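Trainee: Take a look at the following structure, please.
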Amino acid sequence: MTNADRPRFTGKSLVLLREDTAAQGMQMLGQSFASTSADSIVYFENLGVAVVDATPDELSTSSTSLNNSAILAIEPERIFYPIVNLQDTATATQVNESEYTWGLQATGVVNCSATGKGIKVAVLDTGLDLQHPDFQGRTIVSQSFVPGEDVQDVQGHGTHCIGTACGSLNPSSLPRYGVAPLAEIYAGKVLSNRGMGEGSWILAGMEWALTSGCHIISMSLGSATQPGEPFSEFYENVAKRILNRGTLIVAAAGNESSRDDGIIKPVASPANCPSIMAVAALDSNLQVAYFSCGGTNAEGGQVDIAAPGVDVYSSAPMPRQYHRDSGTSMATPHVAGIAALYAQTTGLTGRELWSTVIQNAQRLDLPSRDVGIGLAQAPIK
């Protein structure tokens, strides 16, 4: 089963409230909610959004008050999945990785003295193996937003992504694989042990990262979109609010393409939102990964930047300890780590940090539809 074949919605609704009239919007929503069969409302005050256990049609017909300007948008709650290549036929890299992974070499991390020290990086995923030897002694804040599950990573995706973004400067065994080895890790479990996450869990993680003062949020997760499908106004507004408060969000572009067959699928949600940096995957020859989605939808959904995403070596839950994987999921934490290096060396946040990461990318002789501005590069320092 591919990501595109999986269930897309939960049956609940996401409600976007105007920031300046959120209390009024919640009151109106509560009045409407009382007339439905729903049994709960989850409110994220810092994001100005609510999740209601009712379909958008049920909410819209339950009360005309929802047409009030205090409520900006209602849309169905999506189900998100790890953006991992489910049919991995990637060819192993031929780059010498005796000391550093090919990803750290290609992005210039090996020549960068910055470590991400003092920068908070939130990775919202399947959690982290807290017993992994390479993360002992690190500053780690963790929390699970998946009901009934702790942050311990069973699936493995989160440990791999956190390893790429923030793995150790001196791992138990070479090669080094972490981009920002002294960044403060915020491991938010928003995807379950079965590898899926409801929108409310992802929103809870985003609010937690924002209120924790994280500089960067990395999300190697998504929901497949269809050709011609516009980006979500809901997630775009949420991302814009977060970006305006100084937190940069990077997310995986998606793995739905089959470029060997001439099929390029559109960027997944929420990475297709203009206020979220969408990351495509490259192989060690700096060619677009065959699975990497592209900016094919006219209404938004462009790729912003690219990073190593094929045959990527990183941490894995014990006892395996290390593992290679491919996907735009693996490219995304490269960019998150690089953003942490720029945040440390420049002091920039939010939109200014976005601009700096983009401006310093290495241009590639490839369509911007596929790689955006080009290959993410670490600061030269």
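Residues in the structure tokens are named by chain (A, B, ... in the order shown) and by number from 1 within that chain; ligands are numbered from 1 in the order shown.
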Just want the 9 Å neighbourhood of Gln143 (chain A), counted on only C-alpha atoms, with same-chain residues fewer than 4 positions away dropped. Output as a list in words.

Mentor: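 Residues meeting the cut-off are Gly127, Asp150, Val151, Tyr186, Ala187, Gly188, Lys189, Gly205 and Trp208 of chain A.
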
Trainee: Compile the contact shell of Arg351 (chain A) as a list in words: residues with an atom at most 9 Å away, counting only C-alpha atoms, same-chain residues fewer than 2 positions apart removed.

Mentor: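 Final neighbour list, sorted by chain and number: Leu243, Asn244, Gly246, Thr247, Leu248, Leu348, Thr349, Leu353, Trp354, Ser355 and Thr356 of chain A.
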
Trainee: For the selection just defined, write its residues with C-alpha atoms to a file, as a short mmCIF file (atom, residue, chain, number, x, y, z; two decimals), in the first residue's frame.

Mentor:
data_model
loop_
_atom_site.label_atom_id
_atom_site.label_comp_id
_atom_site.auth_asym_id
_atom_site.auth_seq_id
_atom_site.Cartn_x
_atom_site.Cartn_y
_atom_site.Cartn_z
CA LEU A 243 6.67 31.57 10.96
CA ASN A 244 5.66 35.09 11.99
CA GLY A 246 10.09 33.18 14.52
CA THR A 247 9.89 29.41 14.02
CA LEU A 248 10.84 27.87 10.67
CA LEU A 348 18.34 34.86 12.52
CA THR A 349 14.91 33.30 13.00
CA LEU A 353 16.36 32.32 8.57
CA TRP A 354 14.35 30.89 5.66
CA SER A 355 15.88 33.46 3.29
CA THR A 356 19.41 32.72 4.47
#

Trainee: Out of A:Thr10, A:His323, A:Ile338, A:Ser292, which residue has the shortest atom-to-atom distance to Ala165 (chain A) when counting only C-alpha atoms?

Mentor: A:Ile338

Trainee: So, counting only C-alpha atoms, which residue among A:Pro175, A:Gly103, A:Pro333, A:Gly350 is closest to Asp125 (chain A)?

Mentor: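 When distances to Asp125 (chain A) are compared using only C-alpha atoms, the smallest one comes from A:Pro333.
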
Trainee: Could you give me, as JSON, numbers by chain, each residue of region 78-232 of chain A that DSSP assigns to helix (DSSP H, G or I) when run on this structure's backbone?

Mentor: {"A": [102, 103, 104, 105, 106, 109, 110, 111, 133, 134, 135, 157, 158, 159, 160, 161, 162, 163, 164, 165, 166, 199, 200, 201, 202, 203, 204, 205, 206, 207, 208, 209, 210, 211]}

Trainee: Atoms to include: N, CA and C atoms. Write the selected residues as a compact mmCIF listing (two decimals), in the first residue's frame.

Mentor:
# COMPACT_ATOMS: atom_id res chain seq x y z
N TRP A 102 27.57 10.54 3.09
CA TRP A 102 27.63 11.31 1.85
C TRP A 102 26.78 12.56 1.95
N GLY A 103 25.73 12.51 2.76
CA GLY A 103 24.88 13.68 2.93
C GLY A 103 25.61 14.82 3.60
N LEU A 104 26.41 14.53 4.62
CA LEU A 104 27.18 15.57 5.29
C LEU A 104 28.27 16.12 4.37
N GLN A 105 28.79 15.26 3.52
CA GLN A 105 29.79 15.73 2.56
C GLN A 105 29.17 16.63 1.50
N ALA A 106 28.03 16.21 0.94
CA ALA A 106 27.40 16.96 -0.14
C ALA A 106 26.90 18.32 0.30
N VAL A 109 28.68 20.13 5.43
CA VAL A 109 28.71 20.10 6.89
C VAL A 109 30.09 19.74 7.40
N VAL A 110 30.82 18.92 6.66
CA VAL A 110 32.15 18.48 7.11
C VAL A 110 33.13 19.63 7.22
N ASN A 111 32.88 20.72 6.50
CA ASN A 111 33.78 21.88 6.53
C ASN A 111 33.23 23.02 7.37
N PRO A 133 22.77 4.88 22.47
CA PRO A 133 24.01 5.40 23.07
C PRO A 133 24.48 6.72 22.48
N ASP A 134 24.17 7.00 21.23
CA ASP A 134 24.65 8.24 20.61
C ASP A 134 23.93 9.48 21.11
N PHE A 135 22.82 9.30 21.85
CA PHE A 135 22.08 10.46 22.36
C PHE A 135 22.22 10.64 23.86
N HIS A 157 11.36 5.48 12.38
CA HIS A 157 11.45 6.63 11.48
C HIS A 157 11.94 7.87 12.20
N GLY A 158 11.40 8.12 13.39
CA GLY A 158 11.78 9.32 14.13
C GLY A 158 13.23 9.31 14.57
N THR A 159 13.71 8.17 15.05
CA THR A 159 15.11 8.06 15.48
C THR A 159 16.06 8.33 14.32
N HIS A 160 15.70 7.85 13.14
CA HIS A 160 16.52 8.08 11.95
C HIS A 160 16.55 9.56 11.59
N CYS A 161 15.40 10.22 11.62
CA CYS A 161 15.33 11.63 11.25
C CYS A 161 16.02 12.52 12.27
N ILE A 162 15.82 12.22 13.56
CA ILE A 162 16.49 13.00 14.60
C ILE A 162 18.00 12.82 14.49
N GLY A 163 18.43 11.60 14.15
CA GLY A 163 19.85 11.35 13.98
C GLY A 163 20.45 12.21 12.88
N THR A 164 19.77 12.33 11.76
CA THR A 164 20.28 13.14 10.66
C THR A 164 20.33 14.62 11.05
N ALA A 165 19.28 15.11 11.67
CA ALA A 165 19.23 16.53 12.03
C ALA A 165 20.22 16.87 13.14
N CYS A 166 20.29 16.01 14.17
CA CYS A 166 21.00 16.39 15.40
C CYS A 166 21.88 15.29 15.97
N GLY A 199 -4.46 14.71 12.52
CA GLY A 199 -4.11 16.11 12.44
C GLY A 199 -3.99 16.77 13.80
N SER A 200 -4.85 16.41 14.73
CA SER A 200 -4.82 17.01 16.05
C SER A 200 -3.52 16.69 16.78
N TRP A 201 -2.95 15.51 16.52
CA TRP A 201 -1.67 15.15 17.16
C TRP A 201 -0.55 16.02 16.59
N ILE A 202 -0.57 16.21 15.27
CA ILE A 202 0.47 17.03 14.64
C ILE A 202 0.35 18.47 15.11
N LEU A 203 -0.88 18.98 15.20
CA LEU A 203 -1.09 20.35 15.67
C LEU A 203 -0.63 20.51 17.12
N ALA A 204 -0.89 19.49 17.94
CA ALA A 204 -0.43 19.53 19.33
C ALA A 204 1.09 19.61 19.39
N GLY A 205 1.76 18.86 18.54
CA GLY A 205 3.22 18.91 18.49
C GLY A 205 3.73 20.25 18.00
N MET A 206 3.06 20.83 17.02
CA MET A 206 3.46 22.13 16.51
C MET A 206 3.30 23.21 17.58
N GLU A 207 2.20 23.16 18.31
CA GLU A 207 1.99 24.15 19.38
C GLU A 207 3.03 23.98 20.48
N TRP A 208 3.32 22.73 20.83
CA TRP A 208 4.34 22.44 21.85
C TRP A 208 5.69 23.00 21.43
N ALA A 209 6.07 22.78 20.18
CA ALA A 209 7.35 23.28 19.69
C ALA A 209 7.39 24.81 19.71
N LEU A 210 6.28 25.42 19.32
CA LEU A 210 6.22 26.89 19.31
C LEU A 210 6.34 27.46 20.71
N THR A 211 5.55 26.94 21.64
CA THR A 211 5.56 27.46 23.01
C THR A 211 6.86 27.10 23.73

Trainee: Go through region 267-373 of chain A and collect every residue that DSSP, computed from the backbone, puts in strand (DSSP E); the answer should be as a ChimeraX atom specification.

Mentor: /A:277-282,305-308,312-315,322-325

Trainee: Go ahead and write the residues just picked, N, CA and C atoms, as a CSV table (one decimal), in the first residue's frame.

Mentor:
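Produced file out16.csv, reproduced below:
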chain,number,residue,atom,x,y,z
A,277,MET,N,8.7,25.2,4.3
A,277,MET,CA,9.8,24.9,3.4
A,277,MET,C,9.7,23.4,2.9
A,278,ALA,N,9.4,23.2,1.7
A,278,ALA,CA,9.2,21.8,1.1
A,278,ALA,C,10.6,21.3,0.6
A,279,VAL,N,10.9,20.1,1.0
A,279,VAL,CA,12.2,19.6,0.7
A,279,VAL,C,12.1,18.3,-0.2
A,280,ALA,N,12.9,18.4,-1.3
A,280,ALA,CA,12.9,17.3,-2.2
A,280,ALA,C,14.2,16.4,-1.9
A,281,ALA,N,14.2,15.2,-2.5
A,281,ALA,CA,15.3,14.3,-2.2
A,281,ALA,C,16.3,14.2,-3.4
A,282,LEU,N,17.6,14.1,-3.1
A,282,LEU,CA,18.6,13.9,-4.2
A,282,LEU,C,19.4,12.6,-3.9
A,305,ILE,N,13.6,23.5,-1.8
A,305,ILE,CA,15.0,23.2,-1.7
A,305,ILE,C,15.1,21.7,-1.7
A,306,ALA,N,16.4,21.2,-1.9
A,306,ALA,CA,16.6,19.8,-2.0
A,306,ALA,C,17.8,19.4,-1.1
A,307,ALA,N,17.8,18.1,-0.7
A,307,ALA,CA,18.9,17.6,0.2
A,307,ALA,C,19.0,16.1,0.0
A,308,PRO,N,20.1,15.6,0.5
A,308,PRO,CA,20.3,14.1,0.3
A,308,PRO,C,19.2,13.3,0.9
A,312,VAL,N,20.5,7.0,2.9
A,312,VAL,CA,21.0,7.8,4.0
A,312,VAL,C,21.2,7.0,5.2
A,313,TYR,N,22.4,7.0,5.8
A,313,TYR,CA,22.8,6.3,7.0
A,313,TYR,C,22.5,7.2,8.2
A,314,SER,N,21.9,6.6,9.2
A,314,SER,CA,21.6,7.4,10.4
A,314,SER,C,21.3,6.4,11.6
A,315,SER,N,20.9,7.0,12.7
A,315,SER,CA,20.6,6.2,13.9
A,315,SER,C,19.3,5.4,13.7
A,322,TYR,N,22.0,1.4,13.8
A,322,TYR,CA,22.1,2.2,12.6
A,322,TYR,C,21.4,1.6,11.5
A,323,HIS,N,21.0,2.4,10.5
A,323,HIS,CA,20.2,1.9,9.4
A,323,HIS,C,20.3,2.9,8.3
A,324,ARG,N,20.1,2.4,7.0
A,324,ARG,CA,20.1,3.2,5.8
A,324,ARG,C,18.6,3.2,5.3
A,325,ASP,N,18.2,4.4,4.9
A,325,ASP,CA,16.8,4.6,4.4
A,325,ASP,C,16.8,5.6,3.3

Trainee: Which neighbours of Ile249 (chain A) fall inside 6 Å, counting only C-alpha atoms, when residues of the same chain fewer than 2 positions from it are skipped, and could you give them as a ChimeraX atom specification?

Mentor: /A:216-217,276

Trainee: Would you mind exporting C-alpha atoms of the selected residues as a PDB file, in the first residue's frame?

Mentor:
ATOM      1  CA  ILE A 216      13.041  24.950  13.756  1.00  0.00           C
ATOM      2  CA  ILE A 217      10.306  22.347  13.350  1.00  0.00           C
ATOM      3  CA  ILE A 276       6.397  25.648   4.949  1.00  0.00           C
TER       4      ILE A 276
END

Trainee: For Asp283 (chain A), list every protein, DNA or RNA residue within 8 Å, evaluated using only C-alpha atoms, and leave out those in the same chain fewer than 3 positions away; present the list as a PyMOL selection string.

Mentor: chain A and resi 93+286-289+308-311

Trainee: Filtering to N, CA and C atoms, could you give me those residues as a PDB file, in the first residue's frame?

Mentor:
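In the end it all went to out30.pdb:
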ATOM      1  N   THR A  93      25.050   4.265  -2.337  1.00  0.00           N
ATOM      2  CA  THR A  93      26.001   5.278  -2.758  1.00  0.00           C
ATOM      3  C   THR A  93      27.403   4.701  -2.914  1.00  0.00           C
ATOM      4  N   LEU A 286      23.662  13.711  -7.084  1.00  0.00           N
ATOM      5  CA  LEU A 286      22.947  14.986  -7.085  1.00  0.00           C
ATOM      6  C   LEU A 286      21.900  15.046  -8.194  1.00  0.00           C
ATOM      7  N   GLN A 287      21.254  13.908  -8.400  1.00  0.00           N
ATOM      8  CA  GLN A 287      20.107  13.815  -9.284  1.00  0.00           C
ATOM      9  C   GLN A 287      18.846  13.628  -8.441  1.00  0.00           C
ATOM     10  N   VAL A 288      17.715  14.016  -8.992  1.00  0.00           N
ATOM     11  CA  VAL A 288      16.466  13.905  -8.251  1.00  0.00           C
ATOM     12  C   VAL A 288      16.142  12.437  -8.001  1.00  0.00           C
ATOM     13  N   ALA A 289      15.798  12.111  -6.784  1.00  0.00           N
ATOM     14  CA  ALA A 289      15.386  10.751  -6.464  1.00  0.00           C
ATOM     15  C   ALA A 289      14.135  10.395  -7.255  1.00  0.00           C
ATOM     16  N   PRO A 308      20.111  15.570   0.495  1.00  0.00           N
ATOM     17  CA  PRO A 308      20.339  14.129   0.345  1.00  0.00           C
ATOM     18  C   PRO A 308      19.198  13.299   0.936  1.00  0.00           C
ATOM     19  N   GLY A 309      18.684  12.366   0.116  1.00  0.00           N
ATOM     20  CA  GLY A 309      17.550  11.573   0.566  1.00  0.00           C
ATOM     21  C   GLY A 309      17.553  10.139   0.076  1.00  0.00           C
ATOM     22  N   VAL A 310      18.665   9.682  -0.488  1.00  0.00           N
ATOM     23  CA  VAL A 310      18.755   8.314  -0.981  1.00  0.00           C
ATOM     24  C   VAL A 310      19.901   7.599  -0.267  1.00  0.00           C
ATOM     25  N   ASP A 311      19.607   6.413   0.270  1.00  0.00           N
ATOM     26  CA  ASP A 311      20.617   5.604   0.943  1.00  0.00           C
ATOM     27  C   ASP A 311      21.298   6.401   2.059  1.00  0.00           C
TER      28      ASP A 311
END
